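Everything below belongs to start19.cif, which stores mmCIF, C-alpha atoms and all ligand atoms.
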```cif
data_upload
loop_
_atom_site.label_atom_id
_atom_site.label_comp_id
_atom_site.auth_asym_id
_atom_site.auth_seq_id
_atom_site.Cartn_x
_atom_site.Cartn_y
_atom_site.Cartn_z
CA MET A 156 0.00 0.00 0.00
CA ASN A 157 1.21 3.49 -0.82
CA ASP A 158 2.14 5.04 2.53
CA SER A 159 0.99 8.57 1.83
CA ARG A 160 0.95 9.24 5.58
CA SER A 161 4.71 8.95 6.03
CA THR A 162 6.17 11.89 7.94
CA GLU A 163 8.03 13.25 4.92
CA ASN A 164 4.78 13.53 2.98
CA LEU A 165 2.87 15.34 5.71
CA PRO A 166 4.02 18.95 5.09
CA ARG A 167 3.19 18.63 1.38
CA MET A 168 -0.22 17.17 2.23
CA GLN A 169 -0.89 20.09 4.53
CA ILE A 170 -0.05 22.66 1.85
CA ASN A 171 -2.37 20.86 -0.55
CA ASP A 172 -5.04 20.73 2.12
CA ILE A 173 -4.78 24.45 2.76
CA SER A 174 -5.10 25.16 -0.93
CA ARG A 175 -8.21 22.96 -1.18
CA TYR A 176 -9.80 24.63 1.85
CA LEU A 177 -9.04 28.05 0.35
CA GLY A 178 -10.51 26.82 -2.95
CA THR A 179 -13.73 25.86 -1.18
CA ALA A 180 -13.87 29.19 0.68
CA GLY A 181 -13.24 30.95 -2.64
CA SER A 182 -16.08 29.03 -4.32
CA MET A 183 -18.40 30.05 -1.49
CA ILE A 184 -17.45 33.70 -1.90
CA ARG A 185 -17.91 33.48 -5.69
CA SER A 186 -21.35 31.99 -5.14
CA ARG A 187 -22.29 34.62 -2.57
CA LEU A 188 -21.09 37.59 -4.61
CA PHE A 189 -21.49 36.56 -8.24
CA THR A 190 -23.02 33.25 -9.32
CA HIS A 191 -25.58 32.50 -6.53
CA THR A 192 -25.27 28.82 -7.43
CA PRO A 193 -24.13 25.94 -5.17
CA PHE A 194 -20.52 25.38 -4.22
CA PHE A 195 -21.15 22.04 -2.47
CA LEU A 196 -22.21 18.86 -4.23
CA ALA A 197 -24.35 16.92 -1.74
CA HIS A 198 -24.33 13.46 -3.26
CA ALA A 199 -26.32 10.52 -1.95
CA VAL A 200 -23.76 8.06 -3.29
CA THR A 201 -25.94 4.99 -2.80
CA PHE A 202 -29.50 3.87 -2.20
CA GLY A 203 -28.15 1.16 0.10
CA CYS A 204 -27.99 1.14 3.86
CA ASN A 205 -27.07 -1.56 6.37
CA SER A 206 -29.02 -0.01 9.25
CA ARG A 207 -32.74 0.27 9.86
CA CYS A 208 -33.08 3.41 11.89
CA GLN A 209 -36.50 4.00 13.40
CA SER A 210 -36.26 7.65 12.41
CA CYS A 211 -35.64 7.01 8.72
CA THR A 212 -37.14 5.16 5.79
CA TYR A 213 -34.19 5.43 3.43
CA TRP A 214 -32.99 1.87 4.15
CA LYS A 215 -36.12 0.59 2.42
CA LEU A 216 -34.60 1.82 -0.85
CA THR A 217 -31.67 -0.62 -0.57
CA PRO A 218 -32.99 -2.81 -3.45
CA LYS A 219 -32.52 0.24 -5.69
CA MET A 220 -28.74 0.01 -5.24
CA LYS A 221 -28.62 -1.42 -8.75
CA TYR A 222 -29.32 2.14 -9.96
CA ASP A 223 -26.33 3.64 -8.11
CA LEU A 224 -23.98 5.33 -10.56
CA PRO A 225 -20.99 3.17 -11.51
CA THR A 226 -17.57 4.43 -10.43
CA GLU A 227 -16.68 6.10 -13.74
CA GLU A 228 -19.98 7.98 -13.78
CA VAL A 229 -19.41 9.23 -10.24
CA PHE A 230 -16.04 10.56 -11.45
CA GLN A 231 -17.84 12.22 -14.36
CA LEU A 232 -20.37 13.76 -11.96
CA LEU A 233 -17.46 15.15 -9.93
CA ASP A 234 -15.89 16.57 -13.10
CA GLU A 235 -19.18 18.23 -13.99
CA ALA A 236 -19.61 19.65 -10.48
CA TYR A 237 -16.05 20.98 -10.51
CA ALA A 238 -16.62 22.63 -13.90
CA ALA A 239 -19.77 24.23 -12.45
CA GLY A 240 -17.65 25.86 -9.72
CA MET A 241 -18.25 23.46 -6.82
CA ARG A 242 -15.36 22.71 -4.48
CA GLY A 243 -17.01 20.77 -1.66
CA TYR A 244 -18.14 17.15 -1.91
CA TYR A 245 -20.53 15.90 0.75
CA MET A 246 -21.19 12.16 0.58
CA PHE A 247 -24.15 10.55 2.26
CA GLY A 248 -26.70 7.89 1.42
CA GLY A 249 -28.04 5.51 2.56
CA GLU A 250 -24.72 4.55 4.02
CA PRO A 251 -21.84 5.65 1.75
CA LEU A 252 -19.46 3.00 3.07
CA VAL A 253 -21.57 0.16 1.63
CA ARG A 254 -20.12 1.12 -1.76
CA ARG A 255 -17.16 -1.10 -2.64
CA ASP A 256 -15.48 1.75 -4.53
CA ILE A 257 -15.95 4.42 -1.86
CA GLY A 258 -12.20 4.79 -1.33
CA GLU A 259 -11.64 5.43 -5.05
CA ILE A 260 -14.42 8.03 -5.04
CA VAL A 261 -12.94 9.86 -2.05
CA ASP A 262 -9.46 9.76 -3.64
CA TYR A 263 -10.75 11.07 -6.96
CA ALA A 264 -12.69 13.91 -5.30
CA LYS A 265 -9.73 15.00 -3.20
CA HIS A 266 -7.27 14.91 -6.10
CA LYS A 267 -9.73 16.86 -8.20
CA GLY A 268 -9.61 19.61 -5.56
CA PHE A 269 -12.73 19.04 -3.47
CA VAL A 270 -12.89 19.18 0.31
CA THR A 271 -14.31 15.74 1.10
CA VAL A 272 -16.97 15.26 3.76
CA MET A 273 -18.91 12.12 4.63
CA ASN A 274 -21.92 11.43 6.76
CA THR A 275 -21.74 7.81 7.90
CA ASN A 276 -23.33 5.55 10.47
CA GLY A 277 -19.77 4.50 11.31
CA SER A 278 -20.31 0.76 11.09
CA PHE A 279 -17.64 0.20 8.41
CA LEU A 280 -15.14 2.86 9.49
CA GLU A 281 -12.88 0.37 11.22
CA LYS A 282 -12.86 -1.98 8.23
CA LYS A 283 -12.44 0.74 5.61
CA SER A 284 -10.22 3.28 7.37
CA ARG A 285 -7.27 2.50 5.05
CA GLU A 286 -9.41 3.49 2.06
CA LEU A 287 -10.39 6.77 3.68
CA GLU A 288 -7.02 8.47 3.99
CA ASN A 289 -8.24 11.24 1.71
CA LEU A 290 -11.38 11.96 3.66
CA ASP A 291 -11.27 15.40 5.29
CA PHE A 292 -14.30 15.23 7.59
CA ALA A 293 -16.40 12.32 8.84
CA PHE A 294 -19.69 13.06 10.59
CA VAL A 295 -20.63 9.91 12.42
CA SER A 296 -24.27 9.37 13.35
CA VAL A 297 -24.67 8.10 16.90
CA ASP A 298 -27.99 8.58 18.64
CA TYR A 299 -27.32 7.26 22.14
CA PHE A 300 -24.39 7.03 24.51
CA ASN A 301 -24.50 3.26 24.93
CA ASP A 302 -25.80 0.26 23.05
CA TYR A 303 -29.39 1.44 23.33
CA ASP A 304 -28.24 3.16 20.13
CA ASP A 305 -28.58 -0.28 18.51
CA ILE A 306 -32.34 -0.27 19.25
CA ILE A 307 -32.80 3.18 17.71
CA ARG A 308 -30.72 2.31 14.67
CA GLY A 309 -32.31 -1.09 14.18
CA ARG A 310 -29.21 -3.26 14.21
CA SER A 311 -27.11 -4.78 16.96
CA GLY A 312 -23.55 -3.59 17.44
CA THR A 313 -23.98 -0.11 15.95
CA PHE A 314 -22.73 1.82 18.99
CA ASN A 315 -19.59 -0.24 19.52
CA GLU A 316 -18.82 -0.32 15.80
CA ALA A 317 -19.08 3.47 15.57
CA MET A 318 -16.88 4.00 18.65
CA ARG A 319 -14.22 1.57 17.41
CA GLY A 320 -14.38 3.08 13.92
CA ILE A 321 -13.88 6.61 15.25
CA GLY A 322 -10.88 5.44 17.27
CA VAL A 323 -9.25 3.77 14.27
CA MET A 324 -9.94 6.73 11.97
CA ARG A 325 -8.39 9.14 14.47
CA SER A 326 -5.27 7.08 14.93
CA THR A 327 -4.69 6.15 11.28
CA THR A 328 -6.05 9.01 9.12
CA ASN A 329 -6.12 12.79 9.07
CA ALA A 330 -9.93 12.87 8.88
CA LYS A 331 -11.56 15.19 11.37
CA ILE A 332 -14.44 13.53 13.16
CA ALA A 333 -17.62 14.83 14.74
CA LEU A 334 -20.67 13.06 16.13
CA VAL A 335 -24.12 13.78 14.73
CA THR A 336 -27.04 12.98 16.98
CA THR A 337 -30.64 13.08 15.85
CA ILE A 338 -32.98 13.73 18.73
CA SER A 339 -36.48 12.30 18.66
CA ARG A 340 -38.81 11.01 21.33
CA LEU A 341 -36.71 7.82 21.32
CA ASN A 342 -33.65 9.52 22.80
CA TRP A 343 -34.96 12.74 24.31
CA THR A 344 -32.96 12.21 27.50
CA ALA A 345 -29.70 11.68 25.61
CA ILE A 346 -28.93 15.30 24.73
CA GLU A 347 -26.62 16.16 27.60
CA PRO A 348 -25.02 12.68 27.87
CA MET A 349 -24.21 12.79 24.14
CA ALA A 350 -22.60 16.23 24.57
CA LYS A 351 -20.57 14.76 27.45
CA LEU A 352 -19.56 11.80 25.31
CA ALA A 353 -18.24 14.12 22.60
CA ARG A 354 -16.40 16.25 25.13
CA GLY A 355 -14.86 13.15 26.65
CA MET A 356 -13.63 12.10 23.19
CA GLY A 357 -12.26 15.57 22.36
CA ILE A 358 -14.45 15.92 19.25
CA GLY A 359 -17.39 18.08 18.20
CA ILE A 360 -21.05 17.14 18.11
CA SER A 361 -23.94 18.42 16.03
CA PHE A 362 -27.58 17.86 16.95
CA ASN A 363 -30.51 17.38 14.60
CA SER A 364 -34.09 16.89 15.55
CA ILE A 365 -37.04 15.11 14.10
CA GLU A 366 -40.20 17.10 14.23
CA GLN A 367 -43.64 15.73 13.74
CA SER A 368 -44.65 17.49 10.58
CA MET A 369 -41.71 16.89 8.31
CA ASP A 370 -40.51 13.94 6.28
CA PHE A 371 -37.04 12.62 6.82
CA GLY A 372 -35.40 10.62 4.09
CA LEU A 373 -36.36 9.78 0.55
CA THR A 374 -39.97 8.89 1.06
CA THR A 375 -41.64 9.32 -2.29
CA ASN A 376 -44.26 6.66 -1.58
CA GLU A 377 -43.82 6.04 2.12
CA THR A 378 -45.49 7.42 5.18
CA THR A 379 -42.94 8.34 7.77
CA PRO A 380 -43.25 7.47 11.43
CA ASN A 381 -42.61 11.04 12.50
CA PHE A 382 -45.88 11.45 14.35
CA ASP A 383 -44.86 8.58 16.58
CA ILE A 384 -41.36 9.70 17.36
CA GLY A 385 -41.07 13.33 16.21
CA LEU A 386 -40.80 16.22 18.65
CA SER A 387 -43.83 18.45 19.21
CA SER A 388 -43.28 22.17 18.70
CA GLU A 389 -43.09 22.66 22.50
CA ARG A 390 -40.46 19.91 22.78
CA LEU A 391 -38.59 21.46 19.88
CA GLN A 392 -38.34 24.78 21.71
CA GLU A 393 -37.11 22.94 24.81
CA PHE A 394 -34.55 21.16 22.60
CA TYR A 395 -33.10 24.50 21.45
CA ARG A 396 -33.04 25.82 25.03
CA ILE A 397 -31.10 22.76 26.22
CA LEU A 398 -28.62 23.09 23.33
CA LEU A 399 -28.08 26.78 24.09
CA LYS A 400 -27.46 26.00 27.76
CA LEU A 401 -24.94 23.27 26.85
CA LYS A 402 -23.23 25.58 24.39
CA ARG A 403 -22.87 28.27 27.05
CA GLU A 404 -21.47 25.66 29.44
CA GLY A 405 -18.66 24.98 26.98
CA TYR A 406 -19.73 21.66 25.45
CA PRO A 407 -18.29 21.17 21.92
CA LEU A 408 -21.51 21.77 19.99
CA MET A 409 -20.96 22.54 16.32
CA GLU A 410 -23.93 24.92 16.31
CA THR A 411 -22.93 28.49 17.06
CA GLU A 412 -24.50 30.38 19.95
CA LYS A 413 -26.09 32.79 17.46
CA VAL A 414 -27.96 29.99 15.68
CA LEU A 415 -29.21 28.44 18.92
CA ARG A 416 -30.16 31.75 20.54
CA GLU A 417 -32.19 32.78 17.50
CA TYR A 418 -34.02 29.45 17.44
CA VAL A 419 -34.87 29.99 21.12
CA GLU A 420 -36.06 33.53 20.35
CA GLY A 421 -38.13 32.29 17.40
CA LYS A 422 -36.38 34.76 15.12
CA PRO A 423 -37.11 34.38 11.38
CA TRP A 424 -34.17 33.74 9.06
CA LYS A 425 -33.32 33.67 5.39
CA CYS A 426 -32.46 30.22 4.05
CA ASP A 427 -29.80 30.12 1.33
CA PHE A 428 -29.59 26.34 1.14
CA PRO A 429 -30.28 26.15 -2.64
CA LYS A 430 -27.40 28.53 -3.36
CA MET A 431 -24.99 26.49 -1.24
CA PHE A 432 -25.83 22.82 -1.84
CA VAL A 433 -27.16 20.86 -4.76
CA TYR A 434 -28.60 17.51 -3.75
CA VAL A 435 -27.97 14.73 -6.27
CA THR A 436 -29.46 11.25 -5.86
CA PRO A 437 -27.53 7.99 -6.43
CA ASP A 438 -29.00 7.82 -9.96
CA LYS A 439 -27.98 11.41 -10.83
CA LYS A 440 -31.21 13.29 -10.32
CA ILE A 441 -31.44 16.65 -8.62
CA TYR A 442 -33.95 16.87 -5.77
CA ASN A 443 -34.72 19.90 -3.64
CA CYS A 444 -34.20 20.11 0.12
CA ASN A 445 -37.60 18.48 0.71
CA TYR A 446 -36.75 15.56 -1.53
CA ALA A 447 -38.95 16.69 -4.40
CA TYR A 448 -37.71 15.87 -7.89
CA HIS A 449 -36.32 18.78 -9.90
CA TYR A 450 -34.05 17.69 -12.73
CA ASP A 451 -32.33 14.72 -14.38
CA LEU A 452 -28.60 15.33 -14.80
CA LYS A 453 -28.42 12.40 -17.24
CA GLU A 454 -30.46 14.53 -19.63
CA GLY A 455 -28.72 17.85 -19.09
CA SER A 456 -26.16 19.75 -17.05
CA PHE A 457 -25.74 21.68 -13.82
CA SER A 458 -25.56 24.95 -15.73
CA ASP A 459 -28.86 24.23 -17.54
CA TYR A 460 -30.52 23.45 -14.22
CA PHE A 461 -29.10 26.53 -12.49
CA SER A 462 -30.32 28.78 -15.30
CA GLY A 463 -33.82 27.24 -15.33
CA GLN A 464 -37.06 28.39 -13.74
CA ASP A 465 -37.25 25.54 -11.18
CA PHE A 466 -33.97 26.60 -9.63
CA THR A 467 -34.93 30.29 -9.66
CA ASN A 468 -38.24 29.53 -7.91
CA TYR A 469 -36.56 27.24 -5.40
CA VAL A 470 -34.03 29.95 -4.43
CA LYS A 471 -36.81 32.50 -4.00
CA GLU A 472 -39.11 30.26 -1.99
CA ALA A 473 -36.27 29.16 0.31
CA GLU A 474 -35.43 32.71 1.32
CA SER A 475 -38.66 33.05 3.27
CA CYS A 476 -39.29 29.35 4.00
CA ASN A 477 -38.25 29.17 7.67
CA ARG A 478 -39.70 25.71 7.74
CA CYS A 479 -37.00 23.32 8.62
CA VAL A 480 -35.43 22.61 11.95
CA ARG A 481 -31.99 21.64 10.67
CA THR A 482 -29.67 23.76 12.79
CA CYS A 483 -26.86 23.08 10.33
CA VAL A 484 -28.76 24.67 7.41
CA ARG A 485 -29.40 27.80 9.44
CA GLY A 486 -25.73 27.92 10.41
CA TYR A 487 -24.56 27.45 6.82
CA SER A 488 -26.88 30.27 5.72
CA TYR A 489 -25.42 32.60 8.34
CA THR A 490 -21.89 31.64 7.28
CA TYR A 491 -22.76 32.16 3.61
CA ASN A 492 -23.97 35.66 4.48
CA MET A 493 -20.80 36.21 6.53
CA LEU A 494 -22.68 37.38 9.61
CA PRO A 495 -20.00 38.53 12.08
CA ALA A 496 -21.40 36.70 15.14
CA GLN A 497 -21.53 33.46 13.13
CA ILE A 498 -17.96 33.82 11.83
CA LEU A 499 -16.70 34.58 15.34
CA GLY A 500 -18.63 31.59 16.67
CA LEU A 501 -17.09 29.32 14.04
CA ALA A 502 -13.61 30.58 14.85
CA GLY A 503 -14.29 29.76 18.50
CA GLN A 504 -15.18 26.16 17.72
CA ALA A 505 -12.38 25.46 15.23
CA LYS A 506 -10.64 23.31 17.87
CA SER A 507 -13.66 20.99 18.04
CA LEU A 508 -14.03 20.83 14.27
CA PHE A 509 -10.35 20.10 13.72
CA ASN A 510 -10.14 17.73 16.70
CA THR A 511 -7.39 19.65 18.47
CA GLU A 512 -9.37 19.95 21.69
CA LYS A 513 -8.04 17.81 24.54
CA PRO A 514 -10.49 15.12 25.69
CA VAL A 515 -12.07 16.12 29.01
CA LYS A 516 -12.34 13.45 31.69
CA LEU A 517 -15.82 13.58 33.22
S1 LIG B 601 -30.51 7.35 9.13
FE1 LIG B 601 -28.76 6.79 7.83
S2 LIG B 601 -27.99 4.89 8.75
FE2 LIG B 601 -30.08 5.16 9.48
S3 LIG B 601 -31.40 3.99 8.04
FE3 LIG B 601 -31.33 6.16 7.37
S4 LIG B 601 -29.68 6.21 5.86
FE4 LIG B 601 -29.40 4.35 7.06
S1 LIG B 602 -35.57 26.28 5.50
FE1 LIG B 602 -36.94 25.54 3.89
S2 LIG B 602 -35.81 25.92 1.97
FE2 LIG B 602 -34.32 25.99 3.65
S3 LIG B 602 -33.48 23.91 3.75
FE3 LIG B 602 -35.18 24.08 5.23
S4 LIG B 602 -36.99 23.31 4.15
FE4 LIG B 602 -35.40 23.81 2.61
#
```
Would you write out, as structure tokens, the structure that this file holds?
Ligand code: SF4
Ligand code: SF4
Amino acid sequence: MNDSRSTENLPRMQINDISRYLGTAGSMIRSRLFTHTPFFLAHAVTFGCNSRCQSCTYWKLTPKMKYDLPTEEVFQLLDEAYAAGMRGYYMFGGEPLVRRDIGEIVDYAKHKGFVTVMNTNGSFLEKKSRELENLDFAFVSVDYFNDYDDIIRGRSGTFNEAMRGIGVMRSTTNAKIALVTTISRLNWTAIEPMAKLARGMGIGISFNSIEQSMDFGLTTNETTPNFDIGLSSERLQEFYRILLKLKREGYPLMETEKVLREYVEGKPWKCDFPKMFVYVTPDKKIYNCNYAYHYDLKEGSFSDYFSGQDFTNYVKEAESCNRCVRTCVRGYSYTYNMLPAQILGLAGQAKSLFNTEKPVKL
């Protein structure tokens, strides 16, 4: 195996990394000031998933894996995204690590010049860590601080696999790791313990929530179980208050204080999600943030889509949408608009994001 992690290679890797990060920041600024089109390709790389989370219906699409793009076509998609000005590549699924060629995809994206980010359930991190040397950020979904996580995620062993995988990734790759926890009625009491777990590991944590009224996952012909496990609007407000309290107590939450405070205050905000991310399905279709079909990239191009009426309407509607509860989307929108309190907040949590925080014994 090519030992690209040898000490003599490290300084060169770091210079390349800095130039890729600057490239991504530059593409964001170009989007904000000039093009108003996405700089991040959010690619569901596969329909497949090995878990059966109670909060998600995506795993039911696993038989559609036969429609996942073959390796060469993923490379072509990356070429097209790069030509359209994108410099960030966010891989999710399903579970991206079920793809046999995931290492090749990560390598190709990084060498092309993308910052590479993956959302994973962590179950294959230990097994595939050697293929993930070129991954910049791994966001690992863990919903509970012990193996009750297995019940929520519908498969035994998930918690231990994720913990072992994180350990191996941190000791053998340069990937920066953060936990992602989705709070529903199934794990309502886990908010603070999960924050403690992240602090104890010296990594960041981001919280999502499931609310009752919104779909989660690709659910074109499915009813979601959100009314059973989603948070009521009162619970949702309590959720934001707890996060704000934890943030102020110094826990390594990836949400900035500004985002959390404004959720607590019920302040309206302008969503710029469509200008930042384009969501592409495993079979190369563009969907909007609510998983509604927009465009088939096999029949056209990013630039055709971005200059069309569907995209224009989507951008306009998003600006006053205020509908979703994804703290990350609100944070990205604030960053995109370079709001000073957001930028300062991000600077303050760089240690968590880049895993340079010392683990805190609790
Ligand atoms: S939340 Fe992720 S890991 Fe869980 S079933 Fe859905 S796609 Fe799979
Ligand atoms: S606020 Fe609305 S437009 Fe923005 S990501 Fe959420 S649902 Fe989509």
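Proximity of A:Asp262, A:Asp291, A:Glu417, A:Glu389 to Tyr245 in chain A, computed with all atoms listed in the file, is greatest for A:Asp291.
Shell of Gly309 in chain A at 6 Å, with only C-alpha atoms counted and residues fewer than 2 places along the chain excluded, is Arg207, Cys208, Asp305, Ile306 and Ile307 of chain A.
Going from CA of Lys413 in chain A to CA of Leu188 in chain A covers 23.1 Å.
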Report summary line: Counting all atoms listed in the file, closest pick from A:Glu286, A:Glu474, A:Asp304, A:Asp438 relative to Val200 in chain A is A:Asp438
Mind working out the centre and edge lengths of an axis-aligned box for ligand LIG 601 (chain B), all listed atoms inside, 6 Å added to each side, rounded to one decimal in Å and written as lines of an AutoDock Vina configuration file?
```
center_x = -29.7
center_y = 5.7
center_z = 7.7
size_x = 15.4
size_y = 15.4
size_z = 15.6
```
Requested in this report: Would you mind listing what lies within 10 Å of His191 in chain A as a ChimeraX atom specification, with all atoms listed in the file counted and same-chain residues fewer than 2 positions away left out?
Outcome: /A:183-189,193-194,427,429-431,461,470
Requested in this report: Using only C-alpha atoms and all ligand atoms, determine which residues fall within 7 Å of ligand LIG 601 (chain B), then list them as an MDAnalysis selection string.
Outcome: chainID A and resid 204:208 210:214 248:250 275:276 308 372
**Report entry** Counting all atoms listed in the file, the residue of A:Tyr406, A:Phe509, A:Phe279, A:Tyr395 that sits nearest Gly421 in chain A
**Finding:** A:Tyr395
Query raised in the report: Quick one: of A:Tyr434, A:Val480, A:Cys426, A:Leu415, who's nearest to Gln497 in chain A, counting all atoms listed in the file?
Result: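 Comparing A:Tyr434, A:Val480, A:Cys426, A:Leu415 against Gln497 in chain A, the winner is A:Leu415.
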Report task. Within 12 Å of (-37.7, 17.8, -4.8) (coordinates as in the file), grab all the protein and nucleic acid residues, counting all atoms listed in the file, and write them out as a list in words. Result ->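 Checked against the point, the hits come out as Gly372, Leu373, Thr374, Thr375, Pro429, Val433, Tyr434, Val435, Thr436, Lys440, Ile441, Tyr442, Asn443, Cys444, Asn445, Tyr446, Ala447, Tyr448, His449, Tyr450, Asp451, Asp465, Phe466 and Tyr469 of chain A.
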Given the selection you just returned, output its residues as a file containing C-alpha atoms, formatted as a tab-separated table (two decimals), in the coordinates of the input.
```tsv
chain	number	residue	atom	x	y	z
A	372	GLY	CA	-35.40	10.62	4.09
A	373	LEU	CA	-36.36	9.78	0.55
A	374	THR	CA	-39.97	8.89	1.06
A	375	THR	CA	-41.64	9.32	-2.29
A	429	PRO	CA	-30.28	26.15	-2.64
A	433	VAL	CA	-27.16	20.86	-4.76
A	434	TYR	CA	-28.60	17.51	-3.75
A	435	VAL	CA	-27.97	14.73	-6.27
A	436	THR	CA	-29.46	11.25	-5.86
A	440	LYS	CA	-31.21	13.29	-10.32
A	441	ILE	CA	-31.44	16.65	-8.62
A	442	TYR	CA	-33.95	16.87	-5.77
A	443	ASN	CA	-34.72	19.90	-3.64
A	444	CYS	CA	-34.20	20.11	0.12
A	445	ASN	CA	-37.60	18.48	0.71
A	446	TYR	CA	-36.75	15.56	-1.53
A	447	ALA	CA	-38.95	16.69	-4.40
A	448	TYR	CA	-37.71	15.87	-7.89
A	449	HIS	CA	-36.32	18.78	-9.90
A	450	TYR	CA	-34.05	17.69	-12.73
A	451	ASP	CA	-32.33	14.72	-14.38
A	465	ASP	CA	-37.25	25.54	-11.18
A	466	PHE	CA	-33.97	26.60	-9.63
A	469	TYR	CA	-36.56	27.24	-5.40
```
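Compared by their closest atoms to Ile358 in chain A, and using all atoms listed in the file, the residues A:Ile173, A:Leu408, A:Val270, A:Ala199 rank with A:Leu408 nearest.
Residues within 7 Å of range 475-477 of chain A, counting all atoms listed in the file and excluding same-chain residues fewer than 3 positions away, are Pro423, Trp424, Lys425, Cys426 and Glu472 of chain A.
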File dump, residues just selected, C-alpha atoms, as a PDB file, keeping the file's coordinate frame:
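What ended up in result.pdb:
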```pdb
ATOM      1  CA  PRO A 423     -37.110  34.380  11.380  1.00  0.00           C
ATOM      2  CA  TRP A 424     -34.170  33.740   9.060  1.00  0.00           C
ATOM      3  CA  LYS A 425     -33.320  33.670   5.390  1.00  0.00           C
ATOM      4  CA  CYS A 426     -32.460  30.220   4.050  1.00  0.00           C
ATOM      5  CA  GLU A 472     -39.110  30.260  -1.990  1.00  0.00           C
TER       6      GLU A 472
END
```
Query - Shortest interatomic distance to Ile346 in chain A - which of A:Asn363, A:Ser174, A:Met409, A:Glu227, counting only C-alpha atoms - result: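 Closest to Ile346 in chain A, using only C-alpha atoms: A:Asn363.
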Just want the 9 Å neighbourhood of Met324 in chain A, counted on only C-alpha atoms, with same-chain residues fewer than 3 positions away dropped. Output as a PDB file with C-alpha atoms, keeping the file's coordinate frame.
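Result file follows (result09.pdb):
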```pdb
ATOM      1  CA  LEU A 280     -15.140   2.860   9.490  1.00  0.00           C
ATOM      2  CA  GLU A 281     -12.880   0.370  11.220  1.00  0.00           C
ATOM      3  CA  SER A 284     -10.220   3.280   7.370  1.00  0.00           C
ATOM      4  CA  ARG A 285      -7.270   2.500   5.050  1.00  0.00           C
ATOM      5  CA  LEU A 287     -10.390   6.770   3.680  1.00  0.00           C
ATOM      6  CA  GLU A 288      -7.020   8.470   3.990  1.00  0.00           C
ATOM      7  CA  ARG A 319     -14.220   1.570  17.410  1.00  0.00           C
ATOM      8  CA  GLY A 320     -14.380   3.080  13.920  1.00  0.00           C
ATOM      9  CA  ILE A 321     -13.880   6.610  15.250  1.00  0.00           C
ATOM     10  CA  THR A 327      -4.690   6.150  11.280  1.00  0.00           C
ATOM     11  CA  THR A 328      -6.050   9.010   9.120  1.00  0.00           C
ATOM     12  CA  ASN A 329      -6.120  12.790   9.070  1.00  0.00           C
ATOM     13  CA  ALA A 330      -9.930  12.870   8.880  1.00  0.00           C
ATOM     14  CA  LYS A 331     -11.560  15.190  11.370  1.00  0.00           C
ATOM     15  CA  ILE A 332     -14.440  13.530  13.160  1.00  0.00           C
TER      16      ILE A 332
END
```
Report task. Mind checking which residues fall within 9 Å of Asn315 in chain A, counting all atoms listed in the file, ignoring those fewer than 5 positions away in the same chain, and posting them as a list in words? Result -> Ser278, Asn301, Asp302 and Gly320 of chain A
Output C-alpha atoms for every residue in the selection just made, as a short mmCIF file (atom, residue, chain, number, x, y, z; two decimals), in the coordinates of the input.
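Result went into selection.cif, see below:
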```
data_model
loop_
_atom_site.label_atom_id
_atom_site.label_comp_id
_atom_site.auth_asym_id
_atom_site.auth_seq_id
_atom_site.Cartn_x
_atom_site.Cartn_y
_atom_site.Cartn_z
CA SER A 278 -20.31 0.76 11.09
CA ASN A 301 -24.50 3.26 24.93
CA ASP A 302 -25.80 0.26 23.05
CA GLY A 320 -14.38 3.08 13.92
#
```
Query raised in the report: What separation in Å, quoted to one decimal, exists between CA of Phe394 in chain A and atom S1 of ligand LIG 602 (chain B)?
Result: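 Atom S1 of ligand LIG 602 (chain B) lies 17.9 Å from CA of Phe394 in chain A.
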Query - Gap from CA of Glu412 in chain A to CA of Asp172 in chain A - Å, one decimal - result: 28.1 Å
Can you rebuild range 482-489 of chain A with N, CA and C atoms and give it as a CSV table (one decimal), in the coordinates of the input?
```csv
chain,number,residue,atom,x,y,z
A,482,THR,N,-30.5,22.7,12.3
A,482,THR,CA,-29.7,23.8,12.8
A,482,THR,C,-28.5,24.0,11.8
A,483,CYS,N,-28.0,22.9,11.2
A,483,CYS,CA,-26.9,23.1,10.3
A,483,CYS,C,-27.2,24.0,9.1
A,484,VAL,N,-28.4,23.9,8.6
A,484,VAL,CA,-28.8,24.7,7.4
A,484,VAL,C,-28.8,26.1,7.8
A,485,ARG,N,-29.4,26.4,9.0
A,485,ARG,CA,-29.4,27.8,9.4
A,485,ARG,C,-28.0,28.3,9.6
A,486,GLY,N,-27.1,27.5,10.2
A,486,GLY,CA,-25.7,27.9,10.4
A,486,GLY,C,-25.0,28.2,9.1
A,487,TYR,N,-25.2,27.3,8.1
A,487,TYR,CA,-24.6,27.4,6.8
A,487,TYR,C,-25.0,28.8,6.2
A,488,SER,N,-26.3,29.0,6.3
A,488,SER,CA,-26.9,30.3,5.7
A,488,SER,C,-26.2,31.5,6.4
A,489,TYR,N,-26.1,31.5,7.7
A,489,TYR,CA,-25.4,32.6,8.3
A,489,TYR,C,-24.0,32.7,7.9
```
